[in-house]
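Visitor: This is the content of upload.txt (compact mmCIF, C-alpha atoms):
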# COMPACT_ATOMS: atom_id res chain seq x y z
CA MET O 1 74.22 151.84 97.88
CA ARG O 2 75.14 152.51 94.34
CA GLY O 3 78.12 150.47 93.53
CA SER O 4 79.72 148.72 90.74
CA THR O 5 77.81 145.89 89.18
CA MET O 6 79.38 143.29 87.05
CA GLN O 7 78.12 143.32 83.50
CA ILE O 8 78.25 140.24 81.34
CA ALA O 9 78.09 140.69 77.59
CA ILE O 10 75.26 138.56 76.24
CA PRO O 11 75.45 138.19 72.49
CA ALA O 12 72.15 138.83 70.77
CA PHE O 13 70.66 136.07 68.70
CA GLY O 14 72.14 136.40 65.24
CA HIS O 15 74.63 139.06 66.38
CA ASN O 16 77.61 136.77 65.72
CA ARG O 17 76.70 134.86 62.57
CA ASN O 18 79.42 132.25 63.03
CA PHE O 19 78.36 131.51 66.60
CA THR O 20 74.69 131.38 65.57
CA LYS O 21 75.48 128.79 62.90
CA LEU O 22 77.47 126.76 65.45
CA TRP O 23 74.69 127.02 68.02
CA PHE O 24 71.97 125.99 65.57
CA GLY O 25 74.03 123.13 64.14
CA GLN O 26 75.04 121.90 67.57
CA THR O 27 71.44 122.03 68.81
CA VAL O 28 70.24 119.91 65.87
CA SER O 29 73.16 117.53 66.36
CA LEU O 30 72.46 117.19 70.09
CA PHE O 31 68.82 116.32 69.46
CA GLY O 32 69.90 113.68 66.95
CA SER O 33 72.51 112.28 69.31
CA ASN O 34 70.11 112.08 72.23
CA ILE O 35 67.43 110.41 70.13
CA THR O 36 70.01 107.92 68.86
CA LEU O 37 71.20 107.24 72.41
CA LEU O 38 67.94 105.40 73.07
CA ALA O 39 66.81 104.52 69.54
CA LEU O 40 69.69 102.17 68.64
CA PRO O 41 69.48 100.02 71.79
CA LEU O 42 65.69 100.08 71.48
CA ALA O 43 65.93 98.85 67.88
CA ALA O 44 68.36 96.13 68.95
CA ALA O 45 66.08 94.97 71.76
CA THR O 46 62.74 95.16 69.95
CA GLN O 47 63.67 94.28 66.37
CA LEU O 48 66.53 91.86 66.94
CA ALA O 49 65.83 90.51 70.45
CA ALA O 50 69.40 91.38 71.42
CA THR O 51 70.86 89.66 74.45
CA PRO O 52 72.48 91.63 77.29
CA VAL O 53 75.92 90.60 75.95
CA GLN O 54 75.05 91.90 72.49
CA MET O 55 73.78 95.15 73.98
CA GLY O 56 77.05 95.49 75.91
CA LEU O 57 79.08 94.84 72.76
CA MET O 58 77.09 97.47 70.91
CA GLN O 59 77.73 99.98 73.70
CA SER O 60 81.44 99.08 73.65
CA ALA O 61 81.58 99.62 69.88
CA GLN O 62 80.51 103.21 70.47
CA TYR O 63 83.44 103.97 72.82
CA LEU O 64 86.14 101.74 71.31
CA PRO O 65 87.20 104.48 68.84
CA PHE O 66 88.12 106.76 71.76
CA LEU O 67 90.56 104.10 72.98
CA LEU O 68 91.91 103.24 69.54
CA PHE O 69 92.08 106.66 67.86
CA GLY O 70 91.86 109.22 70.68
CA LEU O 71 95.37 110.62 70.53
CA LEU O 72 95.55 110.39 66.75
CA ALA O 73 92.26 112.27 66.36
CA GLY O 74 93.41 115.17 68.52
CA VAL O 75 96.64 115.61 66.59
CA TRP O 76 94.90 115.25 63.22
CA VAL O 77 92.10 117.70 64.06
CA ASP O 78 94.60 120.29 65.30
CA ARG O 79 96.07 120.38 61.80
CA LEU O 80 92.76 120.93 60.02
CA PRO O 81 90.12 123.67 59.96
CA ARG O 82 87.68 122.73 62.70
CA ARG O 83 84.39 123.70 61.07
CA PRO O 84 84.74 121.35 58.07
CA VAL O 85 85.77 118.52 60.42
CA MET O 86 82.60 119.10 62.45
CA VAL O 87 80.38 119.29 59.38
CA VAL O 88 81.83 116.13 57.84
CA ALA O 89 81.54 114.31 61.18
CA ASP O 90 77.90 115.34 61.60
CA LEU O 91 76.97 114.39 58.05
CA GLY O 92 78.85 111.11 58.42
CA ARG O 93 76.99 110.30 61.63
CA ALA O 94 73.69 111.02 59.91
CA LEU O 95 74.61 108.75 56.98
CA ALA O 96 75.79 105.99 59.30
CA LEU O 97 72.55 106.21 61.24
CA ALA O 98 70.54 106.14 58.01
CA VAL O 99 71.89 102.64 57.44
CA VAL O 100 69.66 101.34 60.25
CA PRO O 101 66.23 102.07 58.72
CA VAL O 102 67.50 101.11 55.26
CA ALA O 103 68.77 97.78 56.64
CA ALA O 104 65.48 97.23 58.48
CA TRP O 105 63.50 97.98 55.34
CA GLY O 106 65.76 95.72 53.25
CA GLY O 107 65.55 92.87 55.73
CA TRP O 108 69.28 92.76 56.52
CA LEU O 109 69.31 94.54 59.88
CA SER O 110 71.46 92.53 62.28
CA MET O 111 73.61 93.02 65.34
CA PRO O 112 76.83 93.17 63.27
CA VAL O 113 75.24 96.02 61.27
CA LEU O 114 74.41 97.83 64.52
CA TYR O 115 77.94 97.19 65.82
CA GLY O 116 79.35 98.74 62.65
CA VAL O 117 77.01 101.71 62.79
CA THR O 118 77.82 102.43 66.43
CA PHE O 119 81.57 102.06 65.78
CA VAL O 120 81.44 104.48 62.84
CA MET O 121 79.29 106.91 64.82
CA GLY O 122 81.69 106.68 67.78
CA THR O 123 84.67 107.35 65.50
CA LEU O 124 83.00 110.38 63.93
CA ASN O 125 81.88 111.58 67.36
CA LEU O 126 85.50 111.46 68.51
CA PHE O 127 86.62 113.71 65.64
CA PHE O 128 83.64 116.03 66.13
CA GLU O 129 84.35 116.44 69.84
CA ALA O 130 88.05 117.09 69.24
CA ALA O 131 87.18 119.93 66.84
CA TYR O 132 84.28 121.24 68.92
CA ALA O 133 86.40 121.64 72.05
CA ALA O 134 88.57 124.27 70.38
CA ILE O 135 86.21 126.12 68.05
CA LEU O 136 84.20 128.33 70.41
CA PRO O 137 87.09 130.54 71.60
CA ALA O 138 87.93 131.15 67.93
CA LEU O 139 84.37 132.26 67.12
CA VAL O 140 83.46 134.61 69.94
CA PRO O 141 85.36 137.30 71.83
CA ALA O 142 86.48 136.42 75.34
CA SER O 143 83.85 138.79 76.77
CA GLU O 144 81.07 136.70 75.18
CA LEU O 145 82.53 133.27 75.93
CA ALA O 146 80.54 132.65 79.13
CA ALA O 147 77.22 133.68 77.58
CA SER O 148 77.91 131.64 74.44
CA ASN O 149 78.81 128.58 76.49
CA SER O 150 75.62 129.11 78.46
CA LYS O 151 73.54 129.02 75.29
CA LEU O 152 75.25 125.86 74.09
CA GLN O 153 74.74 124.17 77.47
CA THR O 154 71.07 125.17 77.54
CA SER O 155 70.62 123.51 74.16
CA ALA O 156 72.42 120.42 75.46
CA ALA O 157 70.18 120.24 78.53
CA VAL O 158 66.98 120.59 76.50
CA ALA O 159 68.18 117.91 74.07
CA GLU O 160 69.07 115.55 76.94
CA ILE O 161 65.64 115.96 78.47
CA THR O 162 63.56 115.67 75.30
CA GLY O 163 65.73 113.44 73.07
CA PRO O 164 65.06 110.09 74.77
CA GLY O 165 61.31 110.82 74.86
CA LEU O 166 61.34 111.54 71.15
CA ALA O 167 63.28 108.32 70.54
CA GLY O 168 60.69 106.30 72.45
CA TRP O 169 57.92 107.87 70.45
Once more with this new file: its structure as structure tokens, please.
Guide:
Amino acid sequence: MRGSTMQIAIPAFGHNRNFTKLWFGQTVSLFGSNITLLALPLAAATQLAATPVQMGLMQSAQYLPFLLFGLLAGVWVDRLPRRPVMVVADLGRALALAVVPVAAWGGWLSMPVLYGVTFVMGTLNLFFEAAYAAILPALVPASELAASNSKLQTSAAVAEITGPGLAGW
């Protein structure tokens, strides 16, 4: 039977330049985030012999900004252009993370340094996520929203699978 078939618009790679930039940037960011997810606790355990309490405090420092600044971040991000907020947050996370190898090389790596790094990264992650949640519908037409979300989620899944392995390496 010849009937109607539902057609989903799948944007071609590079077709929507703004979405392609978002997708590429988000993919790189996701790989970095998933590597960091294991790398920081691994550094704390292997380089600093962190105790379970210290590891718990470090994990808490990552999520404390959501409790402290969550509502403020949403209101603030809604008043700003989202793309610059995301770029600044990503660059800030990279700089905060760069403190760890510099501190290790300089001999001043400590748990308070890791607490600070994870707190800063958590704060910047909060602002990034607030901007990211609202940017996709502004970049792609409604007909391409499902396919675009699919591409972003595929990147997220690949990063989640490979990121921790890369961190261990």
Visitor: Mind pulling up the distance from CA of Val28 in chain O to CA of Ala134 in chain O?
Guide: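 CA of Ala134 in chain O sits 19.4 Å away from CA of Val28 in chain O.
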Visitor: List every protein, DNA or RNA residue with an atom no more than 10 Å from (87.1, 116.9, 66.5) in the file's coordinates, counting all atoms listed in the file, and format the result as a ChimeraX atom specification.
Guide: /O:70,73-78,80-86,89,123-135
Visitor: Go ahead and compute the interatomic distance for CA of Ala146 in chain O and CA of Gly25 in chain O, in Å to one decimal.
Guide: 18.9 Å
Visitor: Can you work out which one of O:Pro41, O:Gly32, O:Pro141, O:Pro164 has the shortest atom-to-atom distance to Leu114 in chain O, counting only C-alpha atoms?
Guide: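 Of O:Pro41, O:Gly32, O:Pro141, O:Pro164, the one nearest Leu114 in chain O is O:Pro41, counting only C-alpha atoms.
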Visitor: May I ask for the distance between CA of Gly107 in chain O and CA of Asp90 in chain O, given in Å to one decimal place?
Guide: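 CA of Asp90 in chain O lies 26.3 Å from CA of Gly107 in chain O.
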Visitor: Produce a table with one row for each residue of range 66-145 of chain O that has an atom at most 10 Å from any atom of range 44-51 of chain O, each row naming the nearest atom pair and its distance in Å at one decimal; use all atoms listed in the file; arrange rows by chain and rising residue number; format as a tab-separated table.
Guide:
residue	atom	partner	partner_atom	distance
O:Ala104	CA	O:Gln47	CA	8.6
O:Leu109	CA	O:Leu48	CA	8.0
O:Ser110	CA	O:Leu48	CA	6.8
O:Met111	CA	O:Ala44	CA	7.1
O:Leu114	CA	O:Ala44	CA	7.7
Visitor: Could you turn the residues from that selection into a file that holds C-alpha atoms, as an mmCIF file, keeping the file's coordinate frame?
Guide:
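For reference, part13.cif as written:
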data_model
loop_
_atom_site.group_PDB
_atom_site.id
_atom_site.type_symbol
_atom_site.label_atom_id
_atom_site.label_comp_id
_atom_site.auth_asym_id
_atom_site.auth_seq_id
_atom_site.Cartn_x
_atom_site.Cartn_y
_atom_site.Cartn_z
ATOM 1 C CA ALA O 104 65.480 97.230 58.480
ATOM 2 C CA LEU O 109 69.310 94.540 59.880
ATOM 3 C CA SER O 110 71.460 92.530 62.280
ATOM 4 C CA MET O 111 73.610 93.020 65.340
ATOM 5 C CA LEU O 114 74.410 97.830 64.520
#
Visitor: Would you list the residues near (82.8, 98.6, 71.9), meaning any protein, DNA or RNA residue with an atom at most 12 Å from that point in file coordinates, counting all atoms listed in the file, as a VMD selection string?
Guide: chain O and resid 53 to 68 112 114 to 123
Visitor: Kindly indicate which residue among O:Leu30, O:Val100, O:Val87, O:Leu71 lies nearest to Ala156 in chain O, using all atoms listed in the file for the distances.
Guide: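 Checking each of O:Leu30, O:Val100, O:Val87, O:Leu71 against Ala156 in chain O, counting all atoms listed in the file, the winner is O:Leu30.
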Visitor: Smallest atom-to-atom distance to Ala39 in chain O: which of O:Val140, O:Leu91, O:Leu97, O:Leu72, using all atoms listed in the file?
Guide: O:Leu97
